[in-house]
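*Asks:* So I've got this file, final29.csv, and it contains CSV, C-alpha atoms:
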chain,number,residue,atom,x,y,z
K,30,MET,CA,41.4,34.0,-26.3
K,31,PRO,CA,41.2,32.8,-22.6
K,32,ASN,CA,38.3,33.9,-20.5
K,33,LYS,CA,39.5,36.2,-17.8
K,34,ASN,CA,36.3,36.7,-15.8
K,35,PHE,CA,36.5,36.1,-12.1
K,36,GLU,CA,33.8,34.5,-10.0
K,37,GLN,CA,35.1,35.3,-6.6
K,38,VAL,CA,36.2,38.5,-4.9
K,39,VAL,CA,38.3,38.1,-1.7
K,40,ARG,CA,38.9,41.3,0.1
K,41,PHE,CA,41.9,42.2,2.1
K,42,TYR,CA,41.8,42.5,5.9
K,43,GLU,CA,42.4,45.9,7.6
K,44,LEU,CA,44.1,46.5,10.9
K,45,GLN,CA,45.6,49.4,12.7
K,46,PRO,CA,48.8,48.4,14.5
K,47,VAL,CA,48.8,51.7,16.4
K,48,PRO,CA,45.4,53.1,17.6
K,49,ALA,CA,44.3,55.9,15.3
K,50,GLY,CA,47.4,55.2,13.2
K,51,PRO,CA,47.4,54.3,9.5
K,52,SER,CA,45.7,51.1,8.4
K,53,ILE,CA,47.5,48.1,7.0
K,54,TRP,CA,45.7,45.9,4.5
K,55,LEU,CA,46.7,42.3,4.2
K,56,PRO,CA,45.6,39.8,1.5
K,57,LEU,CA,44.7,37.0,3.9
K,58,VAL,CA,43.1,33.7,2.8
K,59,ASP,CA,41.2,31.5,5.2
K,60,VAL,CA,42.4,28.0,4.2
K,61,THR,CA,41.0,24.7,5.6
K,62,LEU,CA,43.6,22.1,6.4
K,63,ILE,CA,42.3,18.5,6.5
K,64,THR,CA,44.3,16.8,9.2
K,65,THR,CA,45.5,13.2,9.0
K,66,ALA,CA,42.8,12.4,11.6
K,67,GLY,CA,40.2,13.7,9.2
K,68,SER,CA,39.2,16.8,11.1
K,69,ARG,CA,39.3,20.3,9.6
K,70,ILE,CA,40.8,23.4,10.9
K,71,ASN,CA,41.0,26.8,9.3
K,72,LEU,CA,44.4,28.6,9.0
K,73,PRO,CA,44.8,32.2,8.0
K,74,LEU,CA,47.5,32.4,5.3
K,75,LEU,CA,49.1,35.3,3.6
K,76,PHE,CA,48.4,35.2,-0.2
K,77,ASP,CA,52.0,35.3,-1.4
K,78,THR,CA,52.9,35.1,-5.1
K,79,GLY,CA,56.5,35.2,-4.1
K,80,ALA,CA,56.3,31.9,-2.2
K,81,SER,CA,57.1,28.9,-4.4
K,82,VAL,CA,55.4,26.5,-2.0
K,83,THR,CA,52.7,26.9,0.6
K,84,THR,CA,54.5,27.2,4.0
K,85,LEU,CA,53.3,26.8,7.5
K,86,ARG,CA,54.9,27.4,10.9
K,87,ALA,CA,56.9,24.3,12.1
K,88,GLU,CA,54.5,23.7,15.0
K,89,PHE,CA,51.9,22.3,12.6
K,90,TYR,CA,53.9,19.0,12.2
K,91,SER,CA,51.6,17.2,14.6
K,92,ILE,CA,48.4,17.7,12.6
K,93,LEU,CA,50.2,16.4,9.5
K,94,GLY,CA,50.7,13.1,11.5
K,95,LEU,CA,54.5,13.7,12.0
K,96,GLN,CA,56.6,13.1,15.1
K,97,SER,CA,58.8,16.1,14.4
K,98,TRP,CA,58.8,19.0,12.0
K,99,ASP,CA,62.1,18.1,10.4
K,100,GLN,CA,61.6,14.5,9.3
K,101,GLY,CA,60.5,15.2,5.7
K,102,GLN,CA,62.4,16.1,2.5
K,103,LYS,CA,64.9,18.8,3.3
K,104,VAL,CA,64.7,21.8,0.9
K,105,GLN,CA,66.8,24.9,1.0
K,106,THR,CA,64.8,28.0,0.5
K,107,SER,CA,65.6,31.7,0.2
K,108,THR,CA,63.8,33.9,2.6
K,109,ALA,CA,64.1,37.5,3.7
K,110,GLY,CA,66.4,36.3,6.5
K,111,GLY,CA,68.7,34.3,4.1
K,112,VAL,CA,68.8,30.7,2.9
K,113,LYS,CA,67.1,28.4,5.3
K,114,ASP,CA,66.5,24.6,5.6
K,115,VAL,CA,62.8,23.8,5.5
K,116,TYR,CA,61.1,20.4,5.3
K,117,GLN,CA,58.5,19.4,2.7
K,118,TYR,CA,55.4,17.2,3.0
K,119,VAL,CA,52.1,16.7,1.3
K,120,ALA,CA,48.8,17.9,2.7
K,121,THR,CA,45.2,18.4,1.6
K,122,LEU,CA,43.8,21.9,1.7
K,123,GLU,CA,40.4,23.4,0.8
K,124,VAL,CA,41.1,26.7,-0.9
K,125,PHE,CA,38.6,29.0,-2.6
K,126,GLY,CA,36.1,26.1,-2.7
K,127,LYS,CA,38.4,23.4,-4.1
K,128,THR,CA,40.0,20.5,-2.4
K,129,ILE,CA,43.7,20.3,-3.4
K,130,THR,CA,46.5,18.0,-2.4
K,131,CYS,CA,49.7,19.9,-2.6
K,132,PRO,CA,53.2,20.2,-1.2
K,133,ILE,CA,53.5,22.0,2.1
K,134,GLN,CA,56.8,23.2,3.7
K,135,LEU,CA,57.3,23.6,7.4
K,136,ASN,CA,59.5,26.4,8.4
K,137,ASP,CA,60.7,27.2,12.0
K,138,GLN,CA,61.9,30.6,11.0
K,139,LEU,CA,58.7,32.1,9.8
K,140,PRO,CA,58.1,35.5,11.5
K,141,SER,CA,55.3,35.4,14.0
K,142,ASN,CA,52.2,37.3,13.1
K,143,PRO,CA,48.9,37.0,14.8
K,144,LEU,CA,46.9,37.3,11.6
K,145,PHE,CA,48.5,34.5,9.6
K,146,VAL,CA,50.3,31.2,10.4
K,147,GLY,CA,51.9,30.7,7.0
K,148,LEU,CA,52.0,31.6,3.3
K,149,LEU,CA,49.7,30.5,0.5
K,150,GLY,CA,52.3,29.7,-2.2
K,151,ARG,CA,52.1,28.8,-5.9
K,152,ASP,CA,53.0,25.1,-6.3
K,153,THR,CA,50.0,23.1,-7.3
K,154,VAL,CA,47.5,25.5,-5.6
K,155,PHE,CA,47.9,28.3,-8.1
K,156,ASN,CA,47.5,25.9,-11.0
K,157,GLU,CA,43.8,25.5,-10.1
K,158,PHE,CA,43.0,29.2,-10.2
K,159,GLY,CA,43.5,32.5,-12.0
K,160,PHE,CA,44.0,35.6,-10.0
K,161,GLY,CA,43.6,39.3,-10.3
K,162,PHE,CA,45.2,41.6,-7.7
K,163,TRP,CA,43.8,45.1,-7.2
K,164,GLU,CA,45.8,46.8,-4.4
K,165,ARG,CA,43.9,50.1,-4.6
K,166,THR,CA,40.5,48.5,-3.9
K,167,HIS,CA,42.1,46.0,-1.5
K,168,GLU,CA,40.6,43.1,-3.4
K,169,LEU,CA,41.8,39.8,-4.8
K,170,TYR,CA,39.9,38.4,-7.8
K,171,VAL,CA,39.7,34.6,-8.2
K,172,THR,CA,38.5,32.3,-10.9
K,173,GLY,CA,38.3,28.5,-10.5
K,174,ASN,CA,38.2,28.1,-14.3
K,175,PRO,CA,41.4,29.6,-15.5
C,9,MET,CA,14.0,28.8,-12.3
C,10,LYS,CA,13.3,25.2,-11.2
C,11,TYR,CA,16.0,22.6,-11.4
C,12,SER,CA,15.8,18.9,-11.0
C,13,ILE,CA,17.9,16.6,-8.7
C,14,ARG,CA,18.8,13.5,-10.5
C,15,SER,CA,19.5,11.1,-7.7
C,16,LEU,CA,17.9,11.8,-4.3
C,17,GLN,CA,19.1,9.5,-1.6
C,18,ASP,CA,17.0,8.0,1.2
C,19,ILE,CA,18.3,9.7,4.4
C,20,GLY,CA,15.8,7.8,6.5
C,21,GLU,CA,17.7,4.6,5.7
C,22,VAL,CA,20.8,6.1,7.3
C,23,LYS,CA,18.9,6.9,10.5
C,24,ALA,CA,17.5,3.4,10.6
C,25,ASN,CA,21.0,1.9,10.3
C,26,LEU,CA,22.3,4.2,13.0
C,27,LYS,CA,19.6,3.2,15.4
C,28,ALA,CA,20.3,-0.5,14.8
C,29,MET,CA,24.0,0.1,15.5
C,30,LEU,CA,23.3,2.0,18.7
C,31,THR,CA,21.1,-0.7,20.1
C,32,SER,CA,23.5,-3.5,19.3
C,33,ALA,CA,26.6,-2.1,21.1
C,34,LYS,CA,27.4,-3.7,24.5
C,35,SER,CA,28.8,-0.5,26.1
C,36,PRO,CA,29.1,3.2,25.5
C,37,GLU,CA,32.7,2.8,24.6
C,38,GLN,CA,31.9,0.2,22.0
C,39,THR,CA,29.2,2.5,20.6
C,40,LEU,CA,31.8,5.3,20.2
C,41,GLU,CA,34.3,2.9,18.6
C,42,MET,CA,31.7,1.7,16.1
C,43,LEU,CA,30.8,5.3,15.2
C,44,ASP,CA,34.4,6.2,14.9
C,45,LYS,CA,35.0,3.3,12.5
C,46,ILE,CA,32.3,4.4,10.1
C,47,GLY,CA,33.4,8.1,10.3
C,48,LEU,CA,30.2,9.5,12.0
C,49,GLU,CA,32.2,11.7,14.4
C,50,PRO,CA,30.6,11.0,17.8
C,51,PHE,CA,30.7,13.6,20.6
C,52,VAL,CA,29.5,13.2,24.2
C,53,THR,CA,28.2,16.3,25.7
C,54,GLU,CA,28.7,17.5,29.3
C,55,GLU,CA,25.1,16.4,30.0
C,56,GLY,CA,26.0,12.9,28.8
C,57,ASP,CA,24.1,13.0,25.5
C,58,LEU,CA,25.6,11.5,22.4
C,59,LEU,CA,25.8,13.7,19.3
C,60,VAL,CA,26.8,12.4,15.9
C,61,ARG,CA,27.7,14.3,12.8
C,62,ILE,CA,26.2,12.6,9.8
C,63,TRP,CA,27.6,13.5,6.4
C,64,THR,CA,25.7,11.6,3.8
C,65,ILE,CA,25.1,12.2,0.1
C,66,ALA,CA,21.6,13.6,-0.1
C,67,ALA,CA,21.7,14.1,-3.9
C,68,GLU,CA,24.3,13.1,-6.4
C,69,ASP,CA,25.1,15.6,-9.2
C,70,PHE,CA,23.3,18.3,-7.3
C,71,ILE,CA,25.1,21.0,-9.3
C,72,PRO,CA,27.6,20.8,-12.2
C,73,ARG,CA,31.2,20.2,-11.0
C,74,GLU,CA,32.3,23.6,-12.4
C,75,GLU,CA,29.8,25.4,-10.3
C,76,ALA,CA,30.6,23.5,-7.1
C,77,ALA,CA,33.7,25.7,-6.2
C,78,ILE,CA,31.7,28.9,-6.5
C,79,ILE,CA,28.8,27.8,-4.4
C,80,ARG,CA,31.0,26.2,-1.8
C,81,THR,CA,33.0,29.4,-1.4
C,82,LYS,CA,29.9,31.6,-1.2
C,83,ARG,CA,28.5,29.5,1.6
C,84,ALA,CA,31.7,29.4,3.5
C,85,ALA,CA,32.5,33.1,3.0
C,86,SER,CA,30.4,34.7,5.7
C,87,GLU,CA,31.6,32.2,8.3
C,88,GLN,CA,35.3,32.5,7.3
C,89,SER,CA,35.3,36.3,7.0
C,90,ASP,CA,33.6,36.5,10.4
C,91,HIS,CA,36.6,34.6,11.9
C,92,LEU,CA,39.2,36.9,10.3
C,93,ASP,CA,37.2,40.0,10.6
C,94,TRP,CA,36.6,39.4,14.3
C,95,LEU,CA,40.3,38.6,14.9
C,96,SER,CA,41.6,41.7,13.0
C,97,LYS,CA,39.1,44.0,14.7
C,98,ASN,CA,39.8,42.7,18.2
C,99,LEU,CA,43.5,42.1,17.8
C,100,ALA,CA,44.7,44.6,20.4
C,101,VAL,CA,42.6,43.0,23.2
C,102,ILE,CA,43.5,39.5,22.0
C,103,ARG,CA,47.2,40.2,22.0
C,104,GLY,CA,46.8,41.6,25.6
C,105,GLN,CA,45.1,38.5,26.8
C,106,TYR,CA,46.7,35.6,24.9
C,107,ALA,CA,50.3,36.8,24.2
C,108,GLY,CA,52.5,33.8,23.6
C,109,GLU,CA,49.6,31.3,23.1
C,110,TRP,CA,47.8,29.5,20.4
C,111,ILE,CA,44.2,30.4,20.1
C,112,ALA,CA,41.1,28.9,18.4
C,113,VAL,CA,38.5,31.4,17.1
C,114,TYR,CA,34.9,30.2,16.5
C,115,GLU,CA,31.7,32.2,16.0
C,116,GLY,CA,33.2,35.5,17.2
C,117,ALA,CA,35.0,34.3,20.3
C,118,VAL,CA,38.2,32.7,21.5
C,119,ILE,CA,36.9,29.3,22.4
C,120,ASP,CA,40.2,28.0,23.8
C,121,HIS,CA,43.9,28.8,24.1
C,122,ALA,CA,47.1,26.9,25.1
C,123,PRO,CA,50.8,27.5,24.9
C,124,ALA,CA,51.3,24.4,22.7
C,125,LEU,CA,49.3,23.7,19.5
C,126,PRO,CA,48.7,19.9,20.1
C,127,GLU,CA,47.2,20.7,23.5
C,128,LEU,CA,44.8,23.2,22.0
C,129,LEU,CA,43.8,20.9,19.1
C,130,ASP,CA,43.0,18.1,21.5
C,131,ARG,CA,40.6,20.3,23.4
C,132,ILE,CA,38.7,21.7,20.4
C,133,SER,CA,38.2,18.6,18.4
C,134,GLN,CA,34.5,18.9,18.5
C,135,PHE,CA,34.5,22.1,16.6
C,136,ASP,CA,34.3,22.1,12.8
C,137,ARG,CA,36.8,24.4,11.1
C,138,PRO,CA,37.8,26.7,14.0
C,139,LEU,CA,40.4,29.3,13.0
C,140,ILE,CA,43.8,28.6,14.5
C,141,THR,CA,46.5,31.2,15.0
C,142,PHE,CA,49.4,32.1,17.3
C,143,ILE,CA,49.5,35.3,19.2
C,144,PRO,CA,53.2,36.3,19.5
C,145,ALA,CA,54.4,37.9,22.8
C,146,GLU,CA,57.1,39.9,21.1
C,147,PRO,CA,56.4,43.0,19.0
C,148,VAL,CA,55.1,42.3,15.5
C,149,THR,CA,56.7,43.7,12.4
C,150,TRP,CA,53.8,44.7,10.1
C,151,THR,CA,55.7,45.6,7.0
C,152,PHE,CA,57.7,42.8,5.4
C,153,THR,CA,59.0,41.2,2.3
C,154,TYR,CA,58.7,37.4,1.9
C,155,ALA,CA,60.2,35.6,-1.0
C,156,GLN,CA,61.1,32.0,-1.6
Would you mind giving the structure from this file in structure tokens?

*Replies:*
Amino acid sequence: MPNKNFEQVVRFYELQPVPAGPSIWLPLVDVTLITTAGSRINLPLLFDTGASVTTLRAEFYSILGLQSWDQGQKVQTSTAGGVKDVYQYVATLEVFGKTITCPIQLNDQLPSNPLFVGLLGRDTVFNEFGFGFWERTHELYVTGNP
Amino acid sequence: MKYSIRSLQDIGEVKANLKAMLTSAKSPEQTLEMLDKIGLEPFVTEEGDLLVRIWTIAAEDFIPREEAAIIRTKRAASEQSDHLDWLSKNLAVIRGQYAGEWIAVYEGAVIDHAPALPELLDRISQFDRPLITFIPAEPVTWTFTYAQ
């Protein structure tokens, strides 16, 4: 029987798009990206079990040491806006206390949102963790020992 | 409960090596190059002082590997939640001030902003793990479906 205890609780972030209007809660994860220059920047990503691969806005090509966003492996991906060409690379992230080298896709069609610059997707990253998702309490439960 | 550290390193030795390096360089530029080469992350302040960030192993096997992720996340949690908390709570003001720009958030403030991401990153290289995001000028759709 696998152990399904969780060591970490990550709460959703609340915002009110309209003053005094209803709140929206977003499962955001603050992920550290280790740049090719060795520096570290934090990126807010939307926790997205529907995303096959972690995806960033195309503008992040420069911190991956690239000359343009579309020089990598071309991959067709299905999004809410239809099938799009995105470009895949490899990057190193720090997520929930672990350092993970994983595929990253750059997408120039990702909708702009001030609270996240990409999607935390499944490939490689999710293999390292087990998750529990509790919408009512606005909490994400994480174990690093799945 | 008391625990034991198996291999405590001599941090004083690192400082002695650094001092020898600083005194052997022939120019400030050479000093910075030497520090860059060994990954010490030098930074010159507006006052002309030299700061270095020294990451060295103080104790090997400090905690078991399986506990490392937990303790790392706990220590980073308050700082990281501060970034996102602050951003989400002040979003209306920030969108009014920085629409169409990339911003860097650090310790409860926007420390810099620029219309292009490389320009912003060049200017904030001295900060460790600032939160980076883009503030769209156009209206934001808050309900969405993403799938890949």

*Asks:* Looking at C:Ile111, C:Ala67, C:Ile119, C:Ala124, which one is nearest to Thr141 in chain C, with distances taken over only C-alpha atoms?

*Replies:* C:Ile111

*Asks:* Show me, as a list in words, the residues that have an atom within 6 Å of Ala107 in chain C when counting all atoms listed in the file, minus same-chain residues fewer than 3 positions from it.

*Replies:*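 Selected residues are Arg103, Ile143, Pro144 and Ala145 of chain C.
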
*Asks:* What are the residues of chain K lining chain C at 6 Å or less? Count all atoms listed in the file, and put the answer as a PDB file with C-alpha atoms, in the coordinates of the input.

*Replies:*
ATOM      1  CA  LEU K  44      44.100  46.500  10.900  1.00  0.00           C
ATOM      2  CA  ARG K  69      39.300  20.300   9.600  1.00  0.00           C
ATOM      3  CA  ILE K  70      40.800  23.400  10.900  1.00  0.00           C
ATOM      4  CA  ASN K  71      41.000  26.800   9.300  1.00  0.00           C
ATOM      5  CA  LEU K  72      44.400  28.600   9.000  1.00  0.00           C
ATOM      6  CA  GLY K  79      56.500  35.200  -4.100  1.00  0.00           C
ATOM      7  CA  ALA K  80      56.300  31.900  -2.200  1.00  0.00           C
ATOM      8  CA  SER K  81      57.100  28.900  -4.400  1.00  0.00           C
ATOM      9  CA  THR K 106      64.800  28.000   0.500  1.00  0.00           C
ATOM     10  CA  SER K 107      65.600  31.700   0.200  1.00  0.00           C
ATOM     11  CA  THR K 108      63.800  33.900   2.600  1.00  0.00           C
ATOM     12  CA  ALA K 109      64.100  37.500   3.700  1.00  0.00           C
ATOM     13  CA  PHE K 125      38.600  29.000  -2.600  1.00  0.00           C
ATOM     14  CA  GLY K 126      36.100  26.100  -2.700  1.00  0.00           C
ATOM     15  CA  LYS K 127      38.400  23.400  -4.100  1.00  0.00           C
ATOM     16  CA  SER K 141      55.300  35.400  14.000  1.00  0.00           C
ATOM     17  CA  PRO K 143      48.900  37.000  14.800  1.00  0.00           C
ATOM     18  CA  VAL K 146      50.300  31.200  10.400  1.00  0.00           C
TER      19      VAL K 146
END

*Asks:* Using only C-alpha atoms, which residues of range 33-95 of chain K come within 10 Å of range 149-173 of chain K, and what is the closest atom pair for each, with the distance in Å to one decimal? Give it as CSV, sorted by chain and residue number.

*Replies:*
residue,atom,partner,partner_atom,distance
K:Lys33,CA,K:Gly159,CA,8.0
K:Asn34,CA,K:Thr172,CA,6.9
K:Phe35,CA,K:Thr172,CA,4.5
K:Glu36,CA,K:Thr172,CA,5.3
K:Gln37,CA,K:Val171,CA,4.9
K:Val38,CA,K:Tyr170,CA,4.7
K:Val39,CA,K:Leu169,CA,5.0
K:Arg40,CA,K:Glu168,CA,4.3
K:Phe41,CA,K:His167,CA,5.2
K:Tyr42,CA,K:His167,CA,8.2
K:Glu43,CA,K:His167,CA,9.1
K:Trp54,CA,K:His167,CA,7.0
K:Leu55,CA,K:His167,CA,8.2
K:Pro56,CA,K:Leu169,CA,7.4
K:Leu57,CA,K:Leu149,CA,8.9
K:Val58,CA,K:Leu149,CA,7.7
K:Asp59,CA,K:Leu149,CA,9.8
K:Val60,CA,K:Leu149,CA,8.6
K:Pro73,CA,K:Leu149,CA,9.1
K:Leu74,CA,K:Leu149,CA,5.6
K:Leu75,CA,K:Leu149,CA,5.7
K:Phe76,CA,K:Leu149,CA,4.9
K:Asp77,CA,K:Leu149,CA,5.7
K:Thr78,CA,K:Gly150,CA,6.2
K:Gly79,CA,K:Gly150,CA,7.2
K:Ala80,CA,K:Gly150,CA,4.6
K:Ser81,CA,K:Arg151,CA,5.2
K:Val82,CA,K:Gly150,CA,4.5
K:Thr83,CA,K:Gly150,CA,4.0
K:Thr84,CA,K:Leu149,CA,6.8
K:Leu85,CA,K:Leu149,CA,8.7

*Asks:* Suppose you want the space between CA of Trp94 in chain C and CA of Leu144 in chain K; what is it in Å?

*Replies:*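 Computed distance, CA of Trp94 in chain C to CA of Leu144 in chain K, equals 10.9 Å.
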
*Asks:* Separation of CA of Asn136 in chain K and CA of Gly111 in chain K, in Å?

*Replies:*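 For CA of Asn136 in chain K relative to CA of Gly111 in chain K, the distance reads 12.9 Å.
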
*Asks:* Give me the residues within 10 Å of range 34-46 of chain C as a PDB file with C-alpha atoms, in the frame of the given file, counting only C-alpha atoms and dropping any in the same chain fewer than 4 places off.

*Replies:*
ATOM      1  CA  LEU C  26      22.300   4.200  13.000  1.00  0.00           C
ATOM      2  CA  MET C  29      24.000   0.100  15.500  1.00  0.00           C
ATOM      3  CA  LEU C  30      23.300   2.000  18.700  1.00  0.00           C
ATOM      4  CA  PRO C  50      30.600  11.000  17.800  1.00  0.00           C
ATOM      5  CA  PHE C  51      30.700  13.600  20.600  1.00  0.00           C
ATOM      6  CA  VAL C  52      29.500  13.200  24.200  1.00  0.00           C
ATOM      7  CA  LEU C  58      25.600  11.500  22.400  1.00  0.00           C
ATOM      8  CA  VAL C  60      26.800  12.400  15.900  1.00  0.00           C
ATOM      9  CA  ARG C  61      27.700  14.300  12.800  1.00  0.00           C
TER      10      ARG C  61
END

*Asks:* Can you tell me which residues surround range 88-95 of chain K at a distance of at most 10 Å, considering only C-alpha atoms, apart from same-chain residues fewer than 2 positions away, and format the answer as a PyMOL selection string?

*Replies:* (chain K and resi 62-70+85-86+97-101+118-121+133-137+146) or (chain C and resi 124-126+129)

*Asks:* Please measure the separation of CA of His121 in chain C and CA of Cys131 in chain K, giving the value in Å to one decimal.

*Replies:* 28.7 Å

*Asks:* I need every residue sitting at most 6 Å from the point (61.6, 32.5, 8.5) (coordinates as in the file, all atoms listed in the file considered), written as a ChimeraX atom specification.

*Replies:* /K:138-140
